[in-house]
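A.B. asks: Pasting structure_27.cif below, which is mmCIF, C-alpha atoms; chains and numbers go by the auth columns.
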```
data_entry
loop_
_atom_site.group_PDB
_atom_site.id
_atom_site.type_symbol
_atom_site.label_atom_id
_atom_site.label_comp_id
_atom_site.label_asym_id
_atom_site.label_seq_id
_atom_site.Cartn_x
_atom_site.Cartn_y
_atom_site.Cartn_z
_atom_site.B_iso_or_equiv
_atom_site.auth_seq_id
_atom_site.auth_asym_id
ATOM 1 C CA MET A 1 0.000 0.000 0.000 0.00 1 A
ATOM 2 C CA LYS A 2 2.923 2.334 0.769 0.00 2 A
ATOM 3 C CA GLN A 3 4.464 1.656 -2.650 0.00 3 A
ATOM 4 C CA GLN A 4 1.176 2.444 -4.373 0.00 4 A
ATOM 5 C CA THR A 5 0.826 5.663 -2.372 0.00 5 A
ATOM 6 C CA ALA A 6 4.390 6.636 -3.263 0.00 6 A
ATOM 7 C CA GLN A 7 3.659 6.006 -6.958 0.00 7 A
ATOM 8 C CA ILE A 8 0.569 8.216 -6.861 0.00 8 A
ATOM 9 C CA ARG A 9 2.467 10.957 -5.043 0.00 9 A
ATOM 10 C CA TRP A 10 5.256 10.804 -7.627 0.00 10 A
ATOM 11 C CA GLU A 11 2.816 10.999 -10.555 0.00 11 A
ATOM 12 C CA LYS A 12 1.034 14.012 -9.062 0.00 12 A
ATOM 13 C CA ARG A 13 4.320 15.740 -8.240 0.00 13 A
ATOM 14 C CA MET A 14 5.733 15.261 -11.736 0.00 14 A
ATOM 15 C CA GLN A 15 2.550 16.133 -13.635 0.00 15 A
ATOM 16 C CA THR A 16 3.202 19.868 -14.090 0.00 16 A
ATOM 17 C CA PRO A 17 7.001 19.680 -14.651 0.00 17 A
ATOM 18 C CA LEU A 18 6.618 17.046 -17.370 0.00 18 A
ATOM 19 C CA LEU A 19 3.944 19.013 -19.191 0.00 19 A
ATOM 20 C CA ALA A 20 6.200 22.075 -19.010 0.00 20 A
ATOM 21 C CA LEU A 21 9.054 20.020 -20.477 0.00 21 A
ATOM 22 C CA ALA A 22 6.695 18.986 -23.268 0.00 22 A
ATOM 23 C CA LEU A 23 6.380 22.656 -24.199 0.00 23 A
ATOM 24 C CA VAL A 24 10.176 22.914 -24.214 0.00 24 A
ATOM 25 C CA PHE A 25 10.292 19.947 -26.558 0.00 25 A
ATOM 26 C CA ALA A 26 7.731 21.615 -28.838 0.00 26 A
ATOM 27 C CA VAL A 27 9.919 24.713 -29.123 0.00 27 A
ATOM 28 C CA ALA A 28 13.103 22.677 -29.601 0.00 28 A
ATOM 29 C CA TYR A 29 11.473 20.627 -32.347 0.00 29 A
ATOM 30 C CA THR A 30 9.936 23.621 -34.109 0.00 30 A
ATOM 31 C CA VAL A 31 12.905 26.013 -34.292 0.00 31 A
ATOM 32 C CA PRO A 32 15.235 23.971 -36.552 0.00 32 A
ATOM 33 C CA ILE A 33 12.408 23.275 -39.016 0.00 33 A
ATOM 34 C CA VAL A 34 11.011 26.789 -39.169 0.00 34 A
ATOM 35 C CA ALA A 35 14.472 28.384 -39.168 0.00 35 A
ATOM 36 C CA PRO A 36 16.788 25.951 -40.996 0.00 36 A
ATOM 37 C CA GLY A 37 19.348 28.716 -41.504 0.00 37 A
ATOM 38 C CA ALA A 38 19.814 29.330 -37.789 0.00 38 A
ATOM 39 C CA PRO A 39 23.355 29.143 -36.349 0.00 39 A
ATOM 40 C CA PRO A 40 24.693 25.655 -35.672 0.00 40 A
ATOM 41 C CA TRP A 41 24.665 26.174 -31.911 0.00 41 A
ATOM 42 C CA VAL A 42 20.904 26.721 -32.071 0.00 42 A
ATOM 43 C CA HIS A 43 20.392 23.371 -33.792 0.00 43 A
ATOM 44 C CA ARG A 44 22.704 21.642 -31.318 0.00 44 A
ATOM 45 C CA SER A 45 20.889 23.222 -28.362 0.00 45 A
ATOM 46 C CA CYS A 46 17.518 22.126 -29.709 0.00 46 A
ATOM 47 C CA GLN A 47 18.785 18.596 -30.250 0.00 47 A
ATOM 48 C CA VAL A 48 20.143 18.428 -26.703 0.00 48 A
ATOM 49 C CA ALA A 49 16.839 19.773 -25.356 0.00 49 A
ATOM 50 C CA GLU A 50 14.900 17.088 -27.226 0.00 50 A
ATOM 51 C CA TRP A 51 17.040 14.315 -25.785 0.00 51 A
ATOM 52 C CA VAL A 52 16.842 15.807 -22.285 0.00 52 A
ATOM 53 C CA VAL A 53 13.044 15.945 -22.440 0.00 53 A
ATOM 54 C CA TRP A 54 12.797 12.391 -23.733 0.00 54 A
ATOM 55 C CA GLY A 55 15.302 11.255 -21.076 0.00 55 A
ATOM 56 C CA THR A 56 13.251 12.892 -18.338 0.00 56 A
ATOM 57 C CA PHE A 57 10.123 11.084 -19.499 0.00 57 A
ATOM 58 C CA ALA A 58 12.090 7.830 -19.617 0.00 58 A
ATOM 59 C CA VAL A 59 13.341 8.365 -16.038 0.00 59 A
ATOM 60 C CA ASP A 60 9.774 9.129 -14.981 0.00 60 A
ATOM 61 C CA TYR A 61 8.633 5.824 -16.478 0.00 61 A
ATOM 62 C CA LEU A 62 11.400 3.905 -14.708 0.00 62 A
ATOM 63 C CA VAL A 63 10.585 5.556 -11.374 0.00 63 A
ATOM 64 C CA ARG A 64 6.894 4.735 -11.754 0.00 64 A
ATOM 65 C CA LEU A 65 7.865 1.167 -12.613 0.00 65 A
ATOM 66 C CA SER A 66 10.041 0.879 -9.503 0.00 66 A
ATOM 67 C CA LEU A 67 7.277 2.302 -7.280 0.00 67 A
ATOM 68 C CA ALA A 68 4.533 0.128 -8.751 0.00 68 A
ATOM 69 C CA PRO A 69 3.416 -2.679 -6.405 0.00 69 A
ATOM 70 C CA GLY A 70 3.243 -5.152 -9.316 0.00 70 A
ATOM 71 C CA LYS A 71 6.034 -4.724 -11.877 0.00 71 A
ATOM 72 C CA TRP A 72 4.660 -7.138 -14.495 0.00 72 A
ATOM 73 C CA LEU A 73 1.162 -5.728 -14.110 0.00 73 A
ATOM 74 C CA PHE A 74 2.534 -2.223 -14.669 0.00 74 A
ATOM 75 C CA LEU A 75 4.405 -3.352 -17.782 0.00 75 A
ATOM 76 C CA ARG A 76 1.325 -5.082 -19.206 0.00 76 A
ATOM 77 C CA SER A 77 -0.973 -2.144 -18.450 0.00 77 A
ATOM 78 C CA HIS A 78 1.378 0.524 -19.900 0.00 78 A
ATOM 79 C CA PRO A 79 2.607 -0.907 -23.227 0.00 79 A
ATOM 80 C CA LEU A 80 2.543 2.452 -25.031 0.00 80 A
ATOM 81 C CA ASP A 81 4.707 4.035 -22.347 0.00 81 A
ATOM 82 C CA LEU A 82 7.305 1.298 -22.749 0.00 82 A
ATOM 83 C CA LEU A 83 7.169 1.627 -26.547 0.00 83 A
ATOM 84 C CA ALA A 84 7.602 5.395 -26.292 0.00 84 A
ATOM 85 C CA VAL A 85 10.647 4.970 -24.056 0.00 85 A
ATOM 86 C CA LEU A 86 12.301 2.346 -26.286 0.00 86 A
ATOM 87 C CA LEU A 87 11.359 3.813 -29.687 0.00 87 A
ATOM 88 C CA PRO A 88 14.097 6.484 -29.966 0.00 88 A
ATOM 89 C CA LEU A 89 16.746 3.891 -29.027 0.00 89 A
ATOM 90 C CA VAL A 90 15.915 1.712 -32.036 0.00 90 A
ATOM 91 C CA GLN A 91 17.113 4.304 -34.526 0.00 91 A
ATOM 92 C CA PRO A 92 18.466 7.825 -33.877 0.00 92 A
ATOM 93 C CA LEU A 93 15.764 9.377 -36.018 0.00 93 A
ATOM 94 C CA ARG A 94 14.393 12.721 -34.930 0.00 94 A
ATOM 95 C CA LEU A 95 10.854 11.816 -35.899 0.00 95 A
ATOM 96 C CA LEU A 96 10.889 8.854 -33.496 0.00 96 A
ATOM 97 C CA ARG A 97 11.662 11.211 -30.607 0.00 97 A
ATOM 98 C CA LEU A 98 8.657 13.266 -31.679 0.00 98 A
ATOM 99 C CA VAL A 99 6.363 10.226 -31.743 0.00 99 A
ATOM 100 C CA SER A 100 7.591 8.907 -28.402 0.00 100 A
ATOM 101 C CA THR A 101 7.267 12.288 -26.687 0.00 101 A
ATOM 102 C CA LEU A 102 3.746 12.760 -28.042 0.00 102 A
ATOM 103 C CA LEU A 103 2.789 9.333 -26.703 0.00 103 A
ATOM 104 C CA LEU A 104 4.234 10.084 -23.270 0.00 104 A
ATOM 105 C CA VAL A 105 2.638 13.517 -23.094 0.00 105 A
ATOM 106 C CA GLY A 106 -0.704 12.072 -24.141 0.00 106 A
ATOM 107 C CA ARG A 107 -0.548 9.423 -21.441 0.00 107 A
ATOM 108 C CA ARG A 108 0.372 12.015 -18.839 0.00 108 A
ATOM 109 C CA ALA A 109 -2.396 14.377 -19.947 0.00 109 A
ATOM 110 C CA ARG A 110 -5.030 11.660 -19.662 0.00 110 A
ATOM 111 C CA MET A 111 -3.906 11.002 -16.094 0.00 111 A
ATOM 112 C CA ALA A 112 -4.532 14.603 -15.030 0.00 112 A
ATOM 113 C CA PRO A 113 -8.014 14.843 -13.440 0.00 113 A
ATOM 114 C CA GLN A 114 -8.234 18.587 -14.051 0.00 114 A
ATOM 115 C CA ILE A 115 -8.042 18.094 -17.824 0.00 115 A
ATOM 116 C CA THR A 116 -11.527 17.559 -19.215 0.00 116 A
ATOM 117 C CA LEU A 117 -12.277 15.564 -22.312 0.00 117 A
ATOM 118 C CA THR A 118 -12.970 18.686 -24.365 0.00 118 A
ATOM 119 C CA THR A 119 -9.655 20.260 -23.388 0.00 119 A
ATOM 120 C CA TYR A 120 -7.780 17.043 -24.080 0.00 120 A
ATOM 121 C CA VAL A 121 -9.362 16.568 -27.507 0.00 121 A
ATOM 122 C CA GLY A 122 -8.781 20.212 -28.429 0.00 122 A
ATOM 123 C CA GLY A 123 -5.159 20.018 -27.347 0.00 123 A
ATOM 124 C CA ALA A 124 -4.701 16.756 -29.215 0.00 124 A
ATOM 125 C CA VAL A 125 -6.087 18.273 -32.421 0.00 125 A
ATOM 126 C CA VAL A 126 -3.855 21.346 -32.204 0.00 126 A
ATOM 127 C CA GLY A 127 -0.799 19.294 -31.230 0.00 127 A
ATOM 128 C CA LEU A 128 -1.234 16.709 -33.971 0.00 128 A
ATOM 129 C CA MET A 129 -1.833 19.385 -36.585 0.00 129 A
ATOM 130 C CA MET A 130 1.193 21.406 -35.517 0.00 130 A
ATOM 131 C CA PHE A 131 3.616 18.508 -35.190 0.00 131 A
ATOM 132 C CA GLY A 132 2.215 16.809 -38.280 0.00 132 A
ATOM 133 C CA SER A 133 2.819 19.970 -40.279 0.00 133 A
ATOM 134 C CA LEU A 134 6.367 20.325 -38.982 0.00 134 A
ATOM 135 C CA ALA A 135 7.173 16.657 -39.544 0.00 135 A
ATOM 136 C CA VAL A 136 5.879 16.542 -43.106 0.00 136 A
ATOM 137 C CA LEU A 137 7.631 19.837 -43.909 0.00 137 A
ATOM 138 C CA GLN A 138 10.902 18.425 -42.636 0.00 138 A
ATOM 139 C CA VAL A 139 10.488 15.286 -44.739 0.00 139 A
ATOM 140 C CA GLU A 140 9.033 16.796 -47.933 0.00 140 A
ATOM 141 C CA ARG A 141 10.732 20.171 -48.212 0.00 141 A
ATOM 142 C CA ASP A 142 13.838 18.890 -49.970 0.00 142 A
ATOM 143 C CA ALA A 143 12.247 15.854 -51.640 0.00 143 A
ATOM 144 C CA PRO A 144 12.511 15.731 -55.446 0.00 144 A
ATOM 145 C CA GLY A 145 9.134 16.482 -56.975 0.00 145 A
ATOM 146 C CA GLY A 146 7.637 17.404 -53.607 0.00 146 A
ATOM 147 C CA ASN A 147 4.925 20.055 -53.429 0.00 147 A
ATOM 148 C CA ILE A 148 4.996 20.815 -49.685 0.00 148 A
ATOM 149 C CA ARG A 149 7.680 23.492 -49.506 0.00 149 A
ATOM 150 C CA THR A 150 6.455 26.043 -46.961 0.00 150 A
ATOM 151 C CA LEU A 151 4.945 25.950 -43.490 0.00 151 A
ATOM 152 C CA GLY A 152 1.652 27.252 -44.887 0.00 152 A
ATOM 153 C CA ASP A 153 1.477 24.358 -47.352 0.00 153 A
ATOM 154 C CA ALA A 154 2.212 21.905 -44.540 0.00 154 A
ATOM 155 C CA VAL A 155 -0.468 23.335 -42.230 0.00 155 A
ATOM 156 C CA TRP A 156 -3.052 23.299 -45.026 0.00 156 A
ATOM 157 C CA TRP A 157 -2.132 19.707 -45.885 0.00 157 A
ATOM 158 C CA SER A 158 -2.385 18.639 -42.228 0.00 158 A
ATOM 159 C CA PHE A 159 -5.791 20.272 -41.848 0.00 159 A
ATOM 160 C CA THR A 160 -7.249 18.653 -44.957 0.00 160 A
ATOM 161 C CA THR A 161 -5.709 15.302 -44.042 0.00 161 A
ATOM 162 C CA MET A 162 -6.963 15.233 -40.438 0.00 162 A
ATOM 163 C CA THR A 163 -10.470 16.151 -41.568 0.00 163 A
ATOM 164 C CA THR A 164 -10.224 13.485 -44.309 0.00 164 A
ATOM 165 C CA VAL A 165 -11.161 16.076 -46.956 0.00 165 A
ATOM 166 C CA GLY A 166 -8.043 15.597 -49.054 0.00 166 A
ATOM 167 C CA TYR A 167 -8.271 18.194 -51.822 0.00 167 A
ATOM 168 C CA GLY A 168 -5.147 16.737 -53.416 0.00 168 A
ATOM 169 C CA ASP A 169 -3.477 20.075 -54.127 0.00 169 A
ATOM 170 C CA HIS A 170 -0.714 19.098 -51.683 0.00 170 A
ATOM 171 C CA SER A 171 0.339 15.541 -51.002 0.00 171 A
ATOM 172 C CA PRO A 172 3.490 13.793 -49.761 0.00 172 A
ATOM 173 C CA THR A 173 5.726 12.043 -52.260 0.00 173 A
ATOM 174 C CA THR A 174 8.119 10.206 -49.943 0.00 174 A
ATOM 175 C CA GLY A 175 7.428 6.985 -48.091 0.00 175 A
ATOM 176 C CA LEU A 176 7.899 8.591 -44.695 0.00 176 A
ATOM 177 C CA GLY A 177 5.633 11.469 -45.662 0.00 177 A
ATOM 178 C CA ARG A 178 2.892 9.076 -46.712 0.00 178 A
ATOM 179 C CA LEU A 179 3.324 7.199 -43.439 0.00 179 A
ATOM 180 C CA LEU A 180 2.760 10.495 -41.640 0.00 180 A
ATOM 181 C CA ALA A 181 -0.353 11.028 -43.741 0.00 181 A
ATOM 182 C CA VAL A 182 -1.736 7.654 -42.672 0.00 182 A
ATOM 183 C CA GLY A 183 -1.098 8.513 -39.027 0.00 183 A
ATOM 184 C CA LEU A 184 -2.860 11.857 -39.362 0.00 184 A
ATOM 185 C CA MET A 185 -5.839 10.275 -41.124 0.00 185 A
ATOM 186 C CA ILE A 186 -6.286 7.660 -38.420 0.00 186 A
ATOM 187 C CA SER A 187 -5.836 10.271 -35.675 0.00 187 A
ATOM 188 C CA GLY A 188 -8.324 12.625 -37.314 0.00 188 A
ATOM 189 C CA ILE A 189 -10.956 9.915 -37.645 0.00 189 A
ATOM 190 C CA ALA A 190 -10.403 8.805 -34.048 0.00 190 A
ATOM 191 C CA LEU A 191 -10.657 12.349 -32.662 0.00 191 A
ATOM 192 C CA LEU A 192 -13.724 13.056 -34.785 0.00 192 A
ATOM 193 C CA GLY A 193 -15.326 9.915 -33.361 0.00 193 A
ATOM 194 C CA VAL A 194 -14.501 11.038 -29.815 0.00 194 A
ATOM 195 C CA VAL A 195 -16.014 14.475 -30.416 0.00 195 A
ATOM 196 C CA THR A 196 -19.144 12.989 -32.006 0.00 196 A
ATOM 197 C CA ALA A 197 -19.580 10.479 -29.197 0.00 197 A
ATOM 198 C CA ASN A 198 -19.076 13.206 -26.591 0.00 198 A
ATOM 199 C CA ILE A 199 -21.734 15.425 -28.183 0.00 199 A
ATOM 200 C CA ALA A 200 -24.164 12.509 -28.515 0.00 200 A
ATOM 201 C CA ALA A 201 -23.573 11.512 -24.888 0.00 201 A
ATOM 202 C CA TRP A 202 -24.257 15.090 -23.784 0.00 202 A
ATOM 203 C CA PHE A 203 -27.567 15.200 -25.663 0.00 203 A
ATOM 204 C CA ILE A 204 -28.599 11.785 -24.338 0.00 204 A
ATOM 205 C CA SER A 205 -27.801 12.726 -20.747 0.00 205 A
ATOM 206 C CA ARG A 206 -29.679 16.003 -21.187 0.00 206 A
ATOM 207 C CA PHE A 207 -32.756 14.190 -22.517 0.00 207 A
ATOM 208 C CA GLU A 208 -32.548 11.655 -19.703 0.00 208 A
ATOM 209 C CA ARG A 209 -32.418 14.452 -17.121 0.00 209 A
ATOM 210 C CA ASP A 210 -35.414 16.162 -18.736 0.00 210 A
ATOM 211 C CA ASP A 211 -37.376 12.889 -18.793 0.00 211 A
ATOM 212 C CA ALA A 212 -36.507 12.186 -15.163 0.00 212 A
ATOM 213 C CA GLU A 213 -37.603 15.681 -14.144 0.00 213 A
ATOM 214 C CA GLU A 214 -40.846 15.304 -16.098 0.00 214 A
ATOM 215 C CA ARG A 215 -41.568 11.942 -14.451 0.00 215 A
ATOM 216 C CA ARG A 216 -40.823 13.405 -11.032 0.00 216 A
ATOM 217 C CA ARG A 217 -43.225 16.289 -11.631 0.00 217 A
ATOM 218 C CA THR A 218 -45.930 13.930 -12.907 0.00 218 A
ATOM 219 C CA ALA A 219 -45.594 11.684 -9.854 0.00 219 A
ATOM 220 C CA LEU A 220 -45.740 14.730 -7.570 0.00 220 A
ATOM 221 C CA LEU A 221 -48.901 16.012 -9.258 0.00 221 A
ATOM 222 C CA GLU A 222 -50.548 12.591 -8.984 0.00 222 A
ATOM 223 C CA ALA A 223 -49.676 12.399 -5.289 0.00 223 A
ATOM 224 C CA LEU A 224 -51.060 15.900 -4.701 0.00 224 A
ATOM 225 C CA THR A 225 -54.252 15.020 -6.588 0.00 225 A
ATOM 226 C CA VAL A 226 -54.823 11.943 -4.442 0.00 226 A
ATOM 227 C CA GLU A 227 -54.162 13.950 -1.300 0.00 227 A
ATOM 228 C CA VAL A 228 -56.555 16.731 -2.345 0.00 228 A
ATOM 229 C CA ARG A 229 -59.303 14.193 -3.099 0.00 229 A
ATOM 230 C CA GLY A 230 -58.803 12.628 0.316 0.00 230 A
ATOM 231 C CA LEU A 231 -58.965 16.005 2.027 0.00 231 A
ATOM 232 C CA ARG A 232 -62.149 16.944 0.139 0.00 232 A
ATOM 233 C CA ALA A 233 -63.775 13.662 1.126 0.00 233 A
ATOM 234 C CA GLU A 234 -62.786 14.224 4.771 0.00 234 A
ATOM 235 C CA VAL A 235 -64.126 17.784 4.756 0.00 235 A
ATOM 236 C CA ALA A 236 -67.383 16.610 3.183 0.00 236 A
ATOM 237 C CA ARG A 237 -67.744 13.892 5.844 0.00 237 A
ATOM 238 C CA LEU A 238 -67.131 16.247 8.745 0.00 238 A
ATOM 239 C CA SER A 239 -69.284 19.153 7.580 0.00 239 A
ATOM 240 C CA GLY A 240 -71.946 17.364 5.512 0.00 240 A
ATOM 241 C CA ALA A 241 -75.854 17.268 6.149 0.00 241 A
ATOM 242 C CA PRO A 242 -77.422 14.412 8.213 0.00 242 A
ATOM 243 C CA GLU A 243 -78.094 11.227 6.420 0.00 243 A
ATOM 244 C CA ALA A 244 -81.553 10.588 4.912 0.00 244 A
ATOM 245 C CA GLY A 245 -84.076 8.889 7.287 0.00 245 A
ATOM 246 C CA ALA A 246 -82.282 9.995 10.460 0.00 246 A
ATOM 247 C CA PRO A 247 -84.693 11.311 13.190 0.00 247 A
ATOM 248 C CA GLU A 248 -84.648 15.062 13.505 0.00 248 A
ATOM 249 C CA VAL A 249 -83.592 16.239 16.931 0.00 249 A
ATOM 250 C CA PRO A 250 -86.311 18.559 18.350 0.00 250 A
ATOM 251 C CA GLY A 251 -85.255 21.991 19.379 0.00 251 A
ATOM 252 C CA PRO A 252 -86.013 23.530 22.769 0.00 252 A
ATOM 253 C CA SER A 253 -89.775 24.155 23.361 0.00 253 A
ATOM 254 C CA SER A 254 -90.987 27.690 23.684 0.00 254 A
ATOM 255 C CA PRO A 255 -92.372 28.692 27.122 0.00 255 A
ATOM 256 C CA ARG A 256 -96.128 28.799 27.578 0.00 256 A
ATOM 257 C CA SER A 257 -97.795 32.109 27.855 0.00 257 A
#
```
As a first step, turn the structure in this file into structure tokens.
C.D. replies:
Amino acid sequence: MKQQTAQIRWEKRMQTPLLALALVFAVAYTVPIVAPGAPPWVHRSCQVAEWVVWGTFAVDYLVRLSLAPGKWLFLRSHPLDLLAVLLPLVQPLRLLRLVSTLLLVGRRARMAPQITLTTYVGGAVVGLMMFGSLAVLQVERDAPGGNIRTLGDAVWWSFTTMTTVGYGDHSPTTGLGRLLAVGLMISGIALLGVVTANIAAWFISRFERDDAEERRRTALLEALTVEVRGLRAEVARLSGAPEAGAPEVPGPSSPRS
């Protein structure tokens, strides 16, 4: 029980710092792509920042694993966390660090009780669109025959891809770019399904509350009607005329003259 309490305390303590480091990663990932002509020290600093952020998330995972009361149960119940920690070690590809950090940030965000579903979905949409645009721009900008050359083209392509519109005016030509497109399509469909289900659930719960309130009012009116009828019958019994055929009680006789 103490180990479980320690794990919960660690997760709550690290929630805000890790989300702040995620913002640092976003800046470090964005700068070299948006400003490819920046000085070399800027690129090196951004690369170091990316590895530091990923390393911090990896240490956080290892600490949570060590504090978990059941190690194998923790491993089986957090497969995406383990994949996100191991993914950048398979190949030193910058895009893998992006994917792993997004997975870790998403897991951490879902654990925060103060983050509502609407906020999480909105943040996921903005994050996927931004990082998808940057990733496809990095891959397609120097590709032969590519038509995604600027950040505006990449953002427009990400928006049309996530919404599954696909005008076709911009499309990736490399294998990695098309793999990114598949990921954005699946993510867009999944998020659209979450939003639709959330709206439908809200309407259903609203209708159920209205029906419950209507039934409560109807039952209250029926109870009041029965009570009023009972009171009227009681009043009529207490203040009604004598029954038919009952002898009339003579009044006091007048005195003789």
A.B. asks: Would you compute the distance between atom CA of A:Ser158 and atom CA of A:Gly132? Give it in Å to one decimal.
C.D. replies: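 Taking atom CA of A:Ser158 as the start and atom CA of A:Gly132 as the end point, the length is 6.3 Å.
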A.B. asks: Which protein, DNA or RNA residues have an atom at most 12 Å from (2.3, 18.4, -35.8), counting only C-alpha atoms? List them as an MDAnalysis selection string.
C.D. replies: chainID A and resid 26:27 29:30 33 95 98:99 102 123:138 151 154:159 161:162 180:181 183:184 187
A.B. asks: Any idea what's packed within 12 Å of A:Pro144, counting all atoms listed in the file, ignoring anything in its chain fewer than 5 positions away? Could you give it as a list in words?
C.D. replies: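 Final neighbour list, sorted by chain and number: Val139, Arg149, Pro172, Thr173 and Thr174 of chain A.
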A.B. asks: Hey, what comes out of the PyMOL selection byres ((chain A and resi 57) around 9) on this file? Could you write it as a ChimeraX atom specification?
C.D. replies: /A:18,52-56,58-62,85,101,104-105
A.B. asks: Kindly give the distance, in Å, that separates atom CA of A:Gln15 and atom CA of A:Ser66, rounded to a single decimal.
C.D. replies: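 Straight-line distance from atom CA of A:Gln15 to atom CA of A:Ser66 works out to 17.5 Å.
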A.B. asks: Evaluate the PyMOL selection byres ((chain A and resi 147) around 9) here and jot the selected residues down as a PDB file with C-alpha atoms, in the coordinates of the input.
C.D. replies:
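Result written to expr_0.pdb:
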```pdb
ATOM      1  CA  GLU A 140       9.033  16.796 -47.933  1.00  0.00           C
ATOM      2  CA  ARG A 141      10.732  20.171 -48.212  1.00  0.00           C
ATOM      3  CA  ALA A 143      12.247  15.854 -51.640  1.00  0.00           C
ATOM      4  CA  PRO A 144      12.511  15.731 -55.446  1.00  0.00           C
ATOM      5  CA  GLY A 145       9.134  16.482 -56.975  1.00  0.00           C
ATOM      6  CA  GLY A 146       7.637  17.404 -53.607  1.00  0.00           C
ATOM      7  CA  ILE A 148       4.996  20.815 -49.685  1.00  0.00           C
ATOM      8  CA  ARG A 149       7.680  23.492 -49.506  1.00  0.00           C
ATOM      9  CA  THR A 150       6.455  26.043 -46.961  1.00  0.00           C
ATOM     10  CA  ASP A 153       1.477  24.358 -47.352  1.00  0.00           C
ATOM     11  CA  ASP A 169      -3.477  20.075 -54.127  1.00  0.00           C
ATOM     12  CA  HIS A 170      -0.714  19.098 -51.683  1.00  0.00           C
ATOM     13  CA  SER A 171       0.339  15.541 -51.002  1.00  0.00           C
ATOM     14  CA  PRO A 172       3.490  13.793 -49.761  1.00  0.00           C
ATOM     15  CA  THR A 173       5.726  12.043 -52.260  1.00  0.00           C
TER      16      THR A 173
END
```
A.B. asks: How many Å separate atom CA of A:Ala28 from atom CA of A:Gln47?
C.D. replies: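 Between atom CA of A:Ala28 and atom CA of A:Gln47 the gap is 7.0 Å.
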A.B. asks: Name the residues in contact with stretch 41-44 of chain A at a cut-off of 9 Å, using only C-alpha atoms, excluding same-chain residues fewer than 5 positions from it; report them as a count of residues only.
C.D. replies: 5
A.B. asks: First collect every listed atom of stretch 55-63 of chain A; then fit an axis-aligned box around them, widen it by 6 Å on each side, and give centre and edge lengths in Å to one decimal, as AutoDock Vina command-line options.
C.D. replies:
```
--center_x 12.0 --center_y 8.4 --center_z -16.2 --size_x 18.7 --size_y 21.0 --size_z 21.7
```
A.B. asks: Which one of A:Arg229, A:Arg209, A:Arg237, A:Arg9 sits closest to A:Val63 if you count all atoms listed in the file?
C.D. replies: A:Arg9
A.B. asks: Might you spell out which residues the PyMOL selection byres ((chain A and resi 68) around 12) would select in the displayed file, as a list of chain:residue names?
C.D. replies: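 When the PyMOL selection byres ((chain A and resi 68) around 12) is applied to the shown file, the picked residues are A:Met1, A:Lys2, A:Gln3, A:Gln4, A:Thr5, A:Ala6, A:Gln7, A:Ile8, A:Arg9, A:Trp10, A:Glu11, A:Tyr61, A:Leu62, A:Val63, A:Arg64, A:Leu65, A:Ser66, A:Leu67, A:Pro69, A:Gly70, A:Lys71, A:Trp72, A:Leu73, A:Phe74, A:Leu75, A:Ser77, A:His78.
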A.B. asks: Find, counting all atoms listed in the file, the residue in A:Gly122, A:Gly188, A:Pro39, A:Gly230 that gets nearest to A:Val165.
C.D. replies: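 Among the listed residues, A:Gly188 lies closest to A:Val165.
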